[in-house]
Amino acid sequence: MPIALLALAIAAFGIGTTEFVMMGLLPEVATDLQVSIPDAGGYISLYALGVVIGAPVLTMIGLRSRRKTMLLNMLVLFTAGNLFSAFAVNHETLLVARFISGLPHGAFFGVGAVVAAGLVAADRRGQAISMMFIGLTVANIVGVPIGTLLGHALGWRWAFGLVAVIGVIALAAVAVLVPKQPKPTEVSLRGELRAFRNPQVWIAFAVVVFGFAAIFSFYSYIKPVLTDVSGFSATAVTPLLAVFGVGMTVGTAVGGRLADRSPLKTLCAGISALAVSLVVFALTAQNPIMAPIMVFLIGATGFTAIPSIQARILDEAKEAPALGSASIQSTFNIANSLGAYLGGVVIAAGFGLVSPSWIGALLALVGLGFAVLSGRLGSRPKRGGVVASHQASPASESELTA
């Protein structure tokens, strides 16, 4: 694999760290800035809002920029946002800083996926995309725990200072290692938006919204489940969260290889296995041996589908690959909010801490339904009786499903 993918992975590592480290530092930040925990939750939601808004808006602003230039600009904004977070003087300025930090998230991954795919042959595209996203998953194993420990030992501001340093390292790595990208020609906003007339693009978004809301329904409430249901101590939860991160990393790596062979089967198999894993966890959460195993499997099965869905958008939104890929990142954050909300609803209704896993299994099945629908629509003959191009050669199956 090209060494340029390492630069993209380093950047993804930093982005993943800043996205999730706030969750472990929320009480300390709230105490220091003298706000309640619910008010401090805005630091998480404002970051997510920044992702949702920034992904399409910044991508459209940078349509005529070279993709390497776009990546560098996003990393400058990312680094500035985290420095702003580290030096925020009050609640309001930290809210703004977190929003700014989230803005480049989706645009970077959207453009990064296009660049990663262009660095390798078509039959290795899934692996290339997965290499970038492995940086994001490793952040949950290394970056978030280190940032949390640093924040607890020296103060929460040091955690965001560390992320800013990672941003500078990523900026240098992308500048040096990523080859110069050609300048886009004949690009227009109208042409980019035309790609969204393709129903397959919207079906892909639906797969993400429901399929990945299943993961976040489970993950949003994993701590109280592991302590109150599985019986683990609070200190044991941190390594168990790292186990989930390991599962994410393994799933992303394996999913990249499988996506290059059979994207549709990989997508459907991954979501199906996720649904089964969530059901098994719901049934065995009280078992301290089975619970960690299922935490790993849920992370692995859920993230197996990531490379397939990213590659799929690159094919289905060919007129606007960067905008389509960036929009997927917005959709992931919608899935995050939906999963957490529905999980909270069933807990509040008195169904117990394990109930979000049941909701997650149902959401995964809905996502699977959309994936199957996409495959059936794509396999239909085109107008005039011409069969979809994926039947022309085994290597082009990704044109249908990836």
# chains A, B, ... in the order shown; residues from 1 in each chain; ligands from 1

$ residues_around --residues "Ile203 (chain A)" --least-positions-apart "5" --cutoff "8 Å" --atoms "only C-alpha atoms" --output "MDAnalysis selection string"
chainID A and resid 370:371 374

$ residues_around --residues "region 222-236 of chain A" --least-positions-apart "3" --cutoff "6 Å" --atoms "only C-alpha atoms" --output "short mmCIF file (atom, residue, chain, number, x, y, z; two decimals) with all heavy atoms, in the first residue's frame"
data_model
loop_
_atom_site.label_atom_id
_atom_site.label_comp_id
_atom_site.auth_asym_id
_atom_site.auth_seq_id
_atom_site.Cartn_x
_atom_site.Cartn_y
_atom_site.Cartn_z
N TYR A 219 -23.68 1.41 21.66
CA TYR A 219 -22.45 1.99 22.21
C TYR A 219 -22.74 3.17 23.14
O TYR A 219 -21.98 3.41 24.09
CB TYR A 219 -21.54 2.43 21.08
CG TYR A 219 -20.16 2.84 21.52
CD1 TYR A 219 -19.29 1.91 22.07
CD2 TYR A 219 -19.74 4.16 21.41
CE1 TYR A 219 -18.02 2.27 22.49
CE2 TYR A 219 -18.47 4.54 21.83
CZ TYR A 219 -17.61 3.59 22.35
OH TYR A 219 -16.36 3.96 22.77
N PRO A 239 -10.65 -0.61 29.67
CA PRO A 239 -10.08 -1.62 28.76
C PRO A 239 -11.14 -2.32 27.92
O PRO A 239 -10.85 -2.75 26.79
CB PRO A 239 -9.37 -2.60 29.70
CG PRO A 239 -9.92 -2.35 31.05
CD PRO A 239 -10.28 -0.91 31.07
N ALA A 285 -25.73 -10.50 28.26
CA ALA A 285 -25.06 -9.35 28.88
C ALA A 285 -24.71 -9.59 30.34
O ALA A 285 -23.76 -9.01 30.87
CB ALA A 285 -25.93 -8.10 28.75
N GLN A 286 -25.46 -10.45 31.01
CA GLN A 286 -25.20 -10.73 32.43
C GLN A 286 -24.01 -11.66 32.65
O GLN A 286 -23.53 -11.81 33.76
CB GLN A 286 -26.45 -11.33 33.08
CG GLN A 286 -27.62 -10.36 33.15
CD GLN A 286 -28.84 -10.98 33.80
OE1 GLN A 286 -28.97 -12.21 33.85
NE2 GLN A 286 -29.73 -10.14 34.30
N PRO A 288 -20.23 -12.37 32.50
CA PRO A 288 -19.00 -11.58 32.40
C PRO A 288 -17.98 -12.13 31.42
O PRO A 288 -17.00 -11.46 31.10
CB PRO A 288 -18.44 -11.61 33.83
CG PRO A 288 -19.02 -12.86 34.43
CD PRO A 288 -20.38 -13.02 33.81
N LEU A 353 -31.60 -1.50 30.79
CA LEU A 353 -30.38 -1.02 30.15
C LEU A 353 -29.98 -1.84 28.93
O LEU A 353 -29.25 -1.35 28.06
CB LEU A 353 -29.24 -1.04 31.16
CG LEU A 353 -29.31 0.00 32.29
CD1 LEU A 353 -28.22 -0.25 33.31
CD2 LEU A 353 -29.20 1.41 31.71
#

$ select_by_dssp --residues "region 185-293 of chain A" --states "alpha helix (DSSP H)" --output "mmCIF file with N, CA, C and O atoms, in the first residue's frame"
data_model
loop_
_atom_site.group_PDB
_atom_site.id
_atom_site.type_symbol
_atom_site.label_atom_id
_atom_site.label_comp_id
_atom_site.auth_asym_id
_atom_site.auth_seq_id
_atom_site.Cartn_x
_atom_site.Cartn_y
_atom_site.Cartn_z
ATOM 1 N N LEU A 189 -21.329 23.445 -9.277
ATOM 2 C CA LEU A 189 -22.185 23.036 -8.177
ATOM 3 C C LEU A 189 -23.404 22.290 -8.698
ATOM 4 O O LEU A 189 -23.819 21.283 -8.130
ATOM 5 N N ARG A 190 -23.954 22.770 -9.817
ATOM 6 C CA ARG A 190 -25.126 22.102 -10.385
ATOM 7 C C ARG A 190 -24.781 20.676 -10.804
ATOM 8 O O ARG A 190 -25.555 19.745 -10.573
ATOM 9 N N GLY A 191 -23.603 20.507 -11.401
ATOM 10 C CA GLY A 191 -23.186 19.171 -11.807
ATOM 11 C C GLY A 191 -22.982 18.252 -10.615
ATOM 12 O O GLY A 191 -23.325 17.071 -10.649
ATOM 13 N N GLU A 192 -22.418 18.798 -9.529
ATOM 14 C CA GLU A 192 -22.206 18.000 -8.333
ATOM 15 C C GLU A 192 -23.535 17.547 -7.727
ATOM 16 O O GLU A 192 -23.693 16.395 -7.325
ATOM 17 N N LEU A 193 -24.475 18.462 -7.660
ATOM 18 C CA LEU A 193 -25.771 18.132 -7.060
ATOM 19 C C LEU A 193 -26.575 17.169 -7.938
ATOM 20 O O LEU A 193 -27.452 16.465 -7.436
ATOM 21 N N ARG A 194 -26.257 17.122 -9.244
ATOM 22 C CA ARG A 194 -26.981 16.226 -10.141
ATOM 23 C C ARG A 194 -26.800 14.767 -9.737
ATOM 24 O O ARG A 194 -27.684 13.932 -9.965
ATOM 25 N N PRO A 199 -31.245 7.477 -7.193
ATOM 26 C CA PRO A 199 -31.863 6.910 -5.984
ATOM 27 C C PRO A 199 -30.922 6.002 -5.198
ATOM 28 O O PRO A 199 -31.086 5.839 -3.990
ATOM 29 N N GLN A 200 -29.932 5.411 -5.886
ATOM 30 C CA GLN A 200 -28.988 4.543 -5.184
ATOM 31 C C GLN A 200 -28.193 5.315 -4.129
ATOM 32 O O GLN A 200 -27.804 4.764 -3.090
ATOM 33 N N VAL A 201 -27.933 6.592 -4.391
ATOM 34 C CA VAL A 201 -27.209 7.416 -3.418
ATOM 35 C C VAL A 201 -28.038 7.556 -2.149
ATOM 36 O O VAL A 201 -27.536 7.406 -1.031
ATOM 37 N N TRP A 202 -29.327 7.813 -2.311
ATOM 38 C CA TRP A 202 -30.201 7.990 -1.144
ATOM 39 C C TRP A 202 -30.424 6.675 -0.400
ATOM 40 O O TRP A 202 -30.562 6.657 0.826
ATOM 41 N N ILE A 203 -30.440 5.572 -1.147
ATOM 42 C CA ILE A 203 -30.560 4.275 -0.490
ATOM 43 C C ILE A 203 -29.304 3.993 0.338
ATOM 44 O O ILE A 203 -29.376 3.457 1.449
ATOM 45 N N ALA A 204 -28.148 4.394 -0.190
ATOM 46 C CA ALA A 204 -26.901 4.232 0.568
ATOM 47 C C ALA A 204 -26.954 5.029 1.862
ATOM 48 O O ALA A 204 -26.523 4.557 2.924
ATOM 49 N N PHE A 205 -27.492 6.235 1.794
ATOM 50 C CA PHE A 205 -27.648 7.041 3.002
ATOM 51 C C PHE A 205 -28.574 6.344 4.000
ATOM 52 O O PHE A 205 -28.335 6.364 5.213
ATOM 53 N N ALA A 206 -29.633 5.720 3.484
ATOM 54 C CA ALA A 206 -30.567 5.018 4.372
ATOM 55 C C ALA A 206 -29.897 3.831 5.042
ATOM 56 O O ALA A 206 -30.148 3.541 6.226
ATOM 57 N N VAL A 207 -29.028 3.124 4.307
ATOM 58 C CA VAL A 207 -28.281 2.007 4.900
ATOM 59 C C VAL A 207 -27.448 2.509 6.072
ATOM 60 O O VAL A 207 -27.407 1.888 7.144
ATOM 61 N N VAL A 208 -26.798 3.656 5.887
ATOM 62 C CA VAL A 208 -25.963 4.216 6.953
ATOM 63 C C VAL A 208 -26.814 4.650 8.140
ATOM 64 O O VAL A 208 -26.503 4.325 9.298
ATOM 65 N N VAL A 209 -27.894 5.380 7.876
ATOM 66 C CA VAL A 209 -28.726 5.912 8.962
ATOM 67 C C VAL A 209 -29.222 4.793 9.864
ATOM 68 O O VAL A 209 -29.109 4.855 11.094
ATOM 69 N N PHE A 210 -29.757 3.727 9.260
ATOM 70 C CA PHE A 210 -30.341 2.658 10.074
ATOM 71 C C PHE A 210 -29.292 1.624 10.495
ATOM 72 O O PHE A 210 -29.257 1.199 11.652
ATOM 73 N N GLY A 211 -28.430 1.232 9.558
ATOM 74 C CA GLY A 211 -27.439 0.212 9.871
ATOM 75 C C GLY A 211 -26.470 0.648 10.956
ATOM 76 O O GLY A 211 -26.117 -0.138 11.840
ATOM 77 N N PHE A 212 -26.063 1.909 10.912
ATOM 78 C CA PHE A 212 -25.076 2.363 11.881
ATOM 79 C C PHE A 212 -25.701 3.012 13.105
ATOM 80 O O PHE A 212 -25.043 3.149 14.138
ATOM 81 N N ALA A 213 -26.972 3.390 13.017
ATOM 82 C CA ALA A 213 -27.688 3.778 14.238
ATOM 83 C C ALA A 213 -27.757 2.579 15.179
ATOM 84 O O ALA A 213 -27.810 2.735 16.401
ATOM 85 N N ALA A 214 -27.729 1.382 14.598
ATOM 86 C CA ALA A 214 -27.732 0.159 15.410
ATOM 87 C C ALA A 214 -26.514 0.110 16.321
ATOM 88 O O ALA A 214 -26.613 -0.245 17.500
ATOM 89 N N ILE A 215 -25.345 0.484 15.799
ATOM 90 C CA ILE A 215 -24.127 0.479 16.606
ATOM 91 C C ILE A 215 -24.212 1.513 17.724
ATOM 92 O O ILE A 215 -23.902 1.240 18.881
ATOM 93 N N PHE A 216 -24.655 2.719 17.365
ATOM 94 C CA PHE A 216 -24.670 3.801 18.345
ATOM 95 C C PHE A 216 -25.763 3.629 19.382
ATOM 96 O O PHE A 216 -25.643 4.141 20.497
ATOM 97 N N SER A 217 -26.813 2.910 19.042
ATOM 98 C CA SER A 217 -27.827 2.594 20.049
ATOM 99 C C SER A 217 -27.207 1.753 21.157
ATOM 100 O O SER A 217 -27.472 1.969 22.343
ATOM 101 N N PHE A 218 -26.354 0.824 20.772
ATOM 102 C CA PHE A 218 -25.653 -0.027 21.735
ATOM 103 C C PHE A 218 -24.531 0.730 22.441
ATOM 104 O O PHE A 218 -24.436 0.745 23.671
ATOM 105 N N TYR A 219 -23.679 1.407 21.662
ATOM 106 C CA TYR A 219 -22.454 1.988 22.213
ATOM 107 C C TYR A 219 -22.735 3.169 23.139
ATOM 108 O O TYR A 219 -21.980 3.410 24.087
ATOM 109 N N ILE A 222 -23.134 1.701 26.659
ATOM 110 C CA ILE A 222 -22.324 0.534 26.960
ATOM 111 C C ILE A 222 -21.771 0.574 28.388
ATOM 112 O O ILE A 222 -21.679 -0.465 29.063
ATOM 113 N N LYS A 223 -21.413 1.762 28.899
ATOM 114 C CA LYS A 223 -20.827 1.847 30.241
ATOM 115 C C LYS A 223 -21.786 1.374 31.328
ATOM 116 O O LYS A 223 -21.437 0.510 32.143
ATOM 117 N N PRO A 224 -23.019 1.917 31.398
ATOM 118 C CA PRO A 224 -23.918 1.433 32.447
ATOM 119 C C PRO A 224 -24.299 -0.039 32.285
ATOM 120 O O PRO A 224 -24.535 -0.727 33.287
ATOM 121 N N ALA A 234 -16.048 0.035 37.515
ATOM 122 C CA ALA A 234 -15.909 1.217 36.666
ATOM 123 C C ALA A 234 -14.530 1.278 36.022
ATOM 124 O O ALA A 234 -14.383 1.694 34.866
ATOM 125 N N THR A 235 -13.494 0.841 36.760
ATOM 126 C CA THR A 235 -12.136 0.879 36.214
ATOM 127 C C THR A 235 -11.932 -0.149 35.106
ATOM 128 O O THR A 235 -11.082 0.026 34.233
ATOM 129 N N ALA A 236 -12.726 -1.220 35.125
ATOM 130 C CA ALA A 236 -12.591 -2.262 34.097
ATOM 131 C C ALA A 236 -13.252 -1.860 32.789
ATOM 132 O O ALA A 236 -12.985 -2.472 31.748
ATOM 133 N N VAL A 237 -14.095 -0.834 32.823
ATOM 134 C CA VAL A 237 -14.813 -0.433 31.616
ATOM 135 C C VAL A 237 -13.867 0.129 30.565
ATOM 136 O O VAL A 237 -14.040 -0.113 29.362
ATOM 137 N N THR A 238 -12.850 0.869 30.997
ATOM 138 C CA THR A 238 -11.922 1.486 30.032
ATOM 139 C C THR A 238 -11.253 0.455 29.128
ATOM 140 O O THR A 238 -11.269 0.604 27.899
ATOM 141 N N PRO A 239 -10.647 -0.611 29.671
ATOM 142 C CA PRO A 239 -10.079 -1.617 28.756
ATOM 143 C C PRO A 239 -11.138 -2.321 27.915
ATOM 144 O O PRO A 239 -10.854 -2.748 26.794
ATOM 145 N N LEU A 240 -12.359 -2.447 28.433
ATOM 146 C CA LEU A 240 -13.419 -3.066 27.636
ATOM 147 C C LEU A 240 -13.815 -2.169 26.468
ATOM 148 O O LEU A 240 -14.160 -2.663 25.380
ATOM 149 N N LEU A 241 -13.758 -0.866 26.656
ATOM 150 C CA LEU A 241 -14.004 0.048 25.546
ATOM 151 C C LEU A 241 -12.888 -0.075 24.510
ATOM 152 O O LEU A 241 -13.138 0.053 23.305
ATOM 153 N N ALA A 242 -11.669 -0.332 24.978
ATOM 154 C CA ALA A 242 -10.565 -0.564 24.054
ATOM 155 C C ALA A 242 -10.790 -1.844 23.252
ATOM 156 O O ALA A 242 -10.430 -1.925 22.080
ATOM 157 N N VAL A 243 -11.428 -2.837 23.880
ATOM 158 C CA VAL A 243 -11.775 -4.077 23.179
ATOM 159 C C VAL A 243 -12.728 -3.769 22.030
ATOM 160 O O VAL A 243 -12.607 -4.318 20.924
ATOM 161 N N PHE A 244 -13.681 -2.883 22.278
ATOM 162 C CA PHE A 244 -14.589 -2.455 21.210
ATOM 163 C C PHE A 244 -13.794 -1.785 20.085
ATOM 164 O O PHE A 244 -14.051 -2.033 18.896
ATOM 165 N N GLY A 245 -12.807 -0.951 20.456
ATOM 166 C CA GLY A 245 -11.971 -0.306 19.453
ATOM 167 C C GLY A 245 -11.164 -1.304 18.639
ATOM 168 O O GLY A 245 -10.993 -1.140 17.426
ATOM 169 N N VAL A 246 -10.672 -2.349 19.300
ATOM 170 C CA VAL A 246 -9.945 -3.402 18.579
ATOM 171 C C VAL A 246 -10.875 -4.085 17.576
ATOM 172 O O VAL A 246 -10.491 -4.360 16.428
ATOM 173 N N GLY A 247 -12.105 -4.342 18.007
ATOM 174 C CA GLY A 247 -13.082 -4.930 17.094
ATOM 175 C C GLY A 247 -13.339 -4.038 15.893
ATOM 176 O O GLY A 247 -13.408 -4.512 14.740
ATOM 177 N N MET A 248 -13.469 -2.734 16.127
ATOM 178 C CA MET A 248 -13.655 -1.784 15.031
ATOM 179 C C MET A 248 -12.498 -1.854 14.039
ATOM 180 O O MET A 248 -12.695 -1.851 12.816
ATOM 181 N N THR A 249 -11.274 -1.913 14.587
ATOM 182 C CA THR A 249 -10.083 -1.932 13.736
ATOM 183 C C THR A 249 -10.019 -3.207 12.908
ATOM 184 O O THR A 249 -9.766 -3.167 11.692
ATOM 185 N N VAL A 250 -10.250 -4.343 13.549
ATOM 186 C CA VAL A 250 -10.234 -5.627 12.834
ATOM 187 C C VAL A 250 -11.324 -5.653 11.766
ATOM 188 O O VAL A 250 -11.092 -6.061 10.618
ATOM 189 N N GLY A 251 -12.518 -5.195 12.130
ATOM 190 C CA GLY A 251 -13.623 -5.192 11.178
ATOM 191 C C GLY A 251 -13.339 -4.314 9.976
ATOM 192 O O GLY A 251 -13.639 -4.685 8.829
ATOM 193 N N THR A 252 -12.750 -3.143 10.205
ATOM 194 C CA THR A 252 -12.443 -2.238 9.099
ATOM 195 C C THR A 252 -11.399 -2.839 8.167
ATOM 196 O O THR A 252 -11.522 -2.759 6.937
ATOM 197 N N ALA A 253 -10.360 -3.464 8.749
ATOM 198 C CA ALA A 253 -9.303 -4.069 7.932
ATOM 199 C C ALA A 253 -9.844 -5.234 7.106
ATOM 200 O O ALA A 253 -9.592 -5.332 5.901
ATOM 201 N N VAL A 254 -10.584 -6.118 7.750
ATOM 202 C CA VAL A 254 -11.159 -7.271 7.040
ATOM 203 C C VAL A 254 -12.182 -6.802 6.022
ATOM 204 O O VAL A 254 -12.241 -7.306 4.890
ATOM 205 N N GLY A 255 -12.999 -5.817 6.403
ATOM 206 C CA GLY A 255 -14.011 -5.305 5.489
ATOM 207 C C GLY A 255 -13.421 -4.701 4.237
ATOM 208 O O GLY A 255 -14.007 -4.793 3.154
ATOM 209 N N GLY A 256 -12.236 -4.080 4.358
ATOM 210 C CA GLY A 256 -11.594 -3.522 3.177
ATOM 211 C C GLY A 256 -11.210 -4.588 2.169
ATOM 212 O O GLY A 256 -11.413 -4.423 0.961
ATOM 213 N N ARG A 257 -10.684 -5.701 2.663
ATOM 214 C CA ARG A 257 -10.305 -6.791 1.759
ATOM 215 C C ARG A 257 -11.536 -7.443 1.126
ATOM 216 O O ARG A 257 -11.568 -7.740 -0.068
ATOM 217 N N LEU A 258 -12.557 -7.675 1.949
ATOM 218 C CA LEU A 258 -13.761 -8.313 1.431
ATOM 219 C C LEU A 258 -14.506 -7.407 0.460
ATOM 220 O O LEU A 258 -15.127 -7.879 -0.510
ATOM 221 N N ALA A 259 -14.458 -6.097 0.686
ATOM 222 C CA ALA A 259 -15.151 -5.153 -0.192
ATOM 223 C C ALA A 259 -14.587 -5.183 -1.600
ATOM 224 O O ALA A 259 -15.319 -4.972 -2.577
ATOM 225 N N ASP A 260 -13.277 -5.453 -1.724
ATOM 226 C CA ASP A 260 -12.671 -5.532 -3.049
ATOM 227 C C ASP A 260 -13.095 -6.792 -3.794
ATOM 228 O O ASP A 260 -12.998 -6.854 -5.020
ATOM 229 N N ARG A 261 -13.569 -7.798 -3.065
ATOM 230 C CA ARG A 261 -13.987 -9.056 -3.691
ATOM 231 C C ARG A 261 -15.480 -9.044 -4.017
ATOM 232 O O ARG A 261 -15.879 -9.404 -5.112
ATOM 233 N N PRO A 263 -18.518 -6.441 -2.781
ATOM 234 C CA PRO A 263 -19.039 -5.371 -1.930
ATOM 235 C C PRO A 263 -20.450 -5.624 -1.405
ATOM 236 O O PRO A 263 -20.716 -5.388 -0.223
ATOM 237 N N LEU A 264 -21.340 -6.090 -2.253
ATOM 238 C CA LEU A 264 -22.722 -6.291 -1.819
ATOM 239 C C LEU A 264 -22.807 -7.370 -0.739
ATOM 240 O O LEU A 264 -23.463 -7.191 0.289
ATOM 241 N N LYS A 265 -22.107 -8.485 -0.961
ATOM 242 C CA LYS A 265 -22.121 -9.560 0.032
ATOM 243 C C LYS A 265 -21.480 -9.093 1.341
ATOM 244 O O LYS A 265 -21.950 -9.445 2.422
ATOM 245 N N THR A 266 -20.411 -8.307 1.237
ATOM 246 C CA THR A 266 -19.747 -7.800 2.437
ATOM 247 C C THR A 266 -20.677 -6.900 3.222
ATOM 248 O O THR A 266 -20.788 -7.008 4.457
ATOM 249 N N LEU A 267 -21.364 -5.998 2.531
ATOM 250 C CA LEU A 267 -22.283 -5.070 3.183
ATOM 251 C C LEU A 267 -23.419 -5.816 3.877
ATOM 252 O O LEU A 267 -23.713 -5.585 5.061
ATOM 253 N N CYS A 268 -24.042 -6.730 3.158
ATOM 254 C CA CYS A 268 -25.170 -7.478 3.727
ATOM 255 C C CYS A 268 -24.725 -8.408 4.852
ATOM 256 O O CYS A 268 -25.397 -8.508 5.884
ATOM 257 N N ALA A 269 -23.593 -9.078 4.653
ATOM 258 C CA ALA A 269 -23.106 -9.997 5.686
ATOM 259 C C ALA A 269 -22.723 -9.242 6.950
ATOM 260 O O ALA A 269 -23.010 -9.690 8.068
ATOM 261 N N GLY A 270 -22.085 -8.096 6.783
ATOM 262 C CA GLY A 270 -21.670 -7.316 7.941
ATOM 263 C C GLY A 270 -22.862 -6.840 8.760
ATOM 264 O O GLY A 270 -22.865 -6.961 9.996
ATOM 265 N N ILE A 271 -23.888 -6.301 8.099
ATOM 266 C CA ILE A 271 -25.055 -5.801 8.818
ATOM 267 C C ILE A 271 -25.840 -6.958 9.436
ATOM 268 O O ILE A 271 -26.349 -6.841 10.559
ATOM 269 N N SER A 272 -25.927 -8.075 8.729
ATOM 270 C CA SER A 272 -26.616 -9.247 9.277
ATOM 271 C C SER A 272 -25.912 -9.746 10.538
ATOM 272 O O SER A 272 -26.556 -10.042 11.556
ATOM 273 N N ALA A 273 -24.579 -9.846 10.460
ATOM 274 C CA ALA A 273 -23.807 -10.306 11.619
ATOM 275 C C ALA A 273 -23.919 -9.327 12.782
ATOM 276 O O ALA A 273 -23.931 -9.734 13.955
ATOM 277 N N LEU A 274 -24.028 -8.038 12.470
ATOM 278 C CA LEU A 274 -24.221 -7.029 13.522
ATOM 279 C C LEU A 274 -25.542 -7.256 14.251
ATOM 280 O O LEU A 274 -25.594 -7.227 15.486
ATOM 281 N N ALA A 275 -26.601 -7.506 13.492
ATOM 282 C CA ALA A 275 -27.909 -7.751 14.105
ATOM 283 C C ALA A 275 -27.862 -8.975 15.018
ATOM 284 O O ALA A 275 -28.376 -8.944 16.148
ATOM 285 N N VAL A 276 -27.228 -10.032 14.545
ATOM 286 C CA VAL A 276 -27.117 -11.254 15.351
ATOM 287 C C VAL A 276 -26.289 -10.991 16.607
ATOM 288 O O VAL A 276 -26.646 -11.434 17.716
ATOM 289 N N SER A 277 -25.186 -10.257 16.464
ATOM 290 C CA SER A 277 -24.321 -9.971 17.605
ATOM 291 C C SER A 277 -25.051 -9.162 18.676
ATOM 292 O O SER A 277 -24.887 -9.404 19.879
ATOM 293 N N LEU A 278 -25.868 -8.216 18.242
ATOM 294 C CA LEU A 278 -26.623 -7.397 19.197
ATOM 295 C C LEU A 278 -27.642 -8.241 19.953
ATOM 296 O O LEU A 278 -27.851 -8.060 21.160
ATOM 297 N N VAL A 279 -28.284 -9.167 19.256
ATOM 298 C CA VAL A 279 -29.248 -10.052 19.909
ATOM 299 C C VAL A 279 -28.545 -10.943 20.927
ATOM 300 O O VAL A 279 -29.012 -11.106 22.072
ATOM 301 N N VAL A 280 -27.399 -11.517 20.537
ATOM 302 C CA VAL A 280 -26.663 -12.396 21.452
ATOM 303 C C VAL A 280 -26.195 -11.603 22.675
ATOM 304 O O VAL A 280 -26.261 -12.095 23.811
ATOM 305 N N PHE A 281 -25.740 -10.369 22.449
ATOM 306 C CA PHE A 281 -25.317 -9.553 23.591
ATOM 307 C C PHE A 281 -26.490 -9.289 24.530
ATOM 308 O O PHE A 281 -26.343 -9.369 25.758
ATOM 309 N N ALA A 282 -27.647 -8.972 23.976
ATOM 310 C CA ALA A 282 -28.825 -8.711 24.804
ATOM 311 C C ALA A 282 -29.187 -9.924 25.653
ATOM 312 O O ALA A 282 -29.642 -9.786 26.793
ATOM 313 N N LEU A 283 -28.958 -11.121 25.119
ATOM 314 C CA LEU A 283 -29.296 -12.348 25.835
ATOM 315 C C LEU A 283 -28.219 -12.780 26.825
ATOM 316 O O LEU A 283 -28.504 -13.537 27.757
ATOM 317 N N THR A 284 -26.984 -12.318 26.626
ATOM 318 C CA THR A 284 -25.863 -12.809 27.456
ATOM 319 C C THR A 284 -25.149 -11.690 28.213
ATOM 320 O O THR A 284 -24.066 -11.915 28.753
ATOM 321 N N MET A 290 -19.096 -13.769 28.317
ATOM 322 C CA MET A 290 -19.674 -13.516 27.001
ATOM 323 C C MET A 290 -19.729 -12.032 26.662
ATOM 324 O O MET A 290 -19.556 -11.651 25.493
ATOM 325 N N ALA A 291 -19.963 -11.182 27.654
ATOM 326 C CA ALA A 291 -20.130 -9.748 27.380
ATOM 327 C C ALA A 291 -18.930 -9.144 26.649
ATOM 328 O O ALA A 291 -19.104 -8.480 25.612
ATOM 329 N N PRO A 292 -17.692 -9.342 27.119
ATOM 330 C CA PRO A 292 -16.543 -8.769 26.391
ATOM 331 C C PRO A 292 -16.397 -9.341 24.984
ATOM 332 O O PRO A 292 -16.007 -8.615 24.060
ATOM 333 N N ILE A 293 -16.707 -10.635 24.828
ATOM 334 C CA ILE A 293 -16.616 -11.250 23.503
ATOM 335 C C ILE A 293 -17.581 -10.573 22.542
ATOM 336 O O ILE A 293 -17.234 -10.245 21.402
#

$ atom_distance --atom1 "CA of Ile100 (chain A)" --atom2 "CA of Gly81 (chain A)"
5.3 Å

$ closest_atom_pairs --of "region 84-142 of chain A" --to "region 11-14 of chain A" --cutoff "10 Å" --atoms "only C-alpha atoms" --output "tab-separated table"
residue	atom	partner	partner_atom	distance
A:His105	CA	A:Ala12	CA	8.8
A:Phe108	CA	A:Ala12	CA	8.7
A:Phe109	CA	A:Ala12	CA	7.8
A:Gly112	CA	A:Ala12	CA	9.4
A:Met131	CA	A:Ala12	CA	9.8
A:Met132	CA	A:Ala12	CA	6.6
A:Phe133	CA	A:Ala12	CA	6.5
A:Ile134	CA	A:Ala12	CA	7.8
A:Gly135	CA	A:Phe13	CA	4.3
A:Leu136	CA	A:Phe13	CA	4.7
A:Thr137	CA	A:Phe13	CA	7.4
A:Val138	CA	A:Phe13	CA	6.6
A:Ala139	CA	A:Phe13	CA	5.0
A:Asn140	CA	A:Phe13	CA	8.7
A:Val142	CA	A:Phe13	CA	9.1

$ atom_distance --atom1 "CA of Gly118 (chain A)" --atom2 "CA of Ser101 (chain A)"
26.8 Å

$ closest_residue --among "A:Gln34, A:Thr17, A:Gln181, A:Asn82" --to "Thr148 (chain A)" --atoms "only C-alpha atoms"
A:Thr17

$ residues_around --residues "Leu49 (chain A)" --least-positions-apart "3" --cutoff "10 Å" --atoms "only C-alpha atoms" --output "number ranges by chain"
A: 42, 44-46, 52-54, 98-100, 102-103, 330, 333-334

$ closest_residue --among "A:Ala159, A:Gly299, A:Val372, A:Ala195" --to "Asp315 (chain A)" --atoms "only C-alpha atoms"
A:Ala195

$ closest_residue --among "A:Val21, A:Ser220, A:Thr93, A:Val178" --to "Val354 (chain A)" --atoms "only C-alpha atoms"
A:Ser220
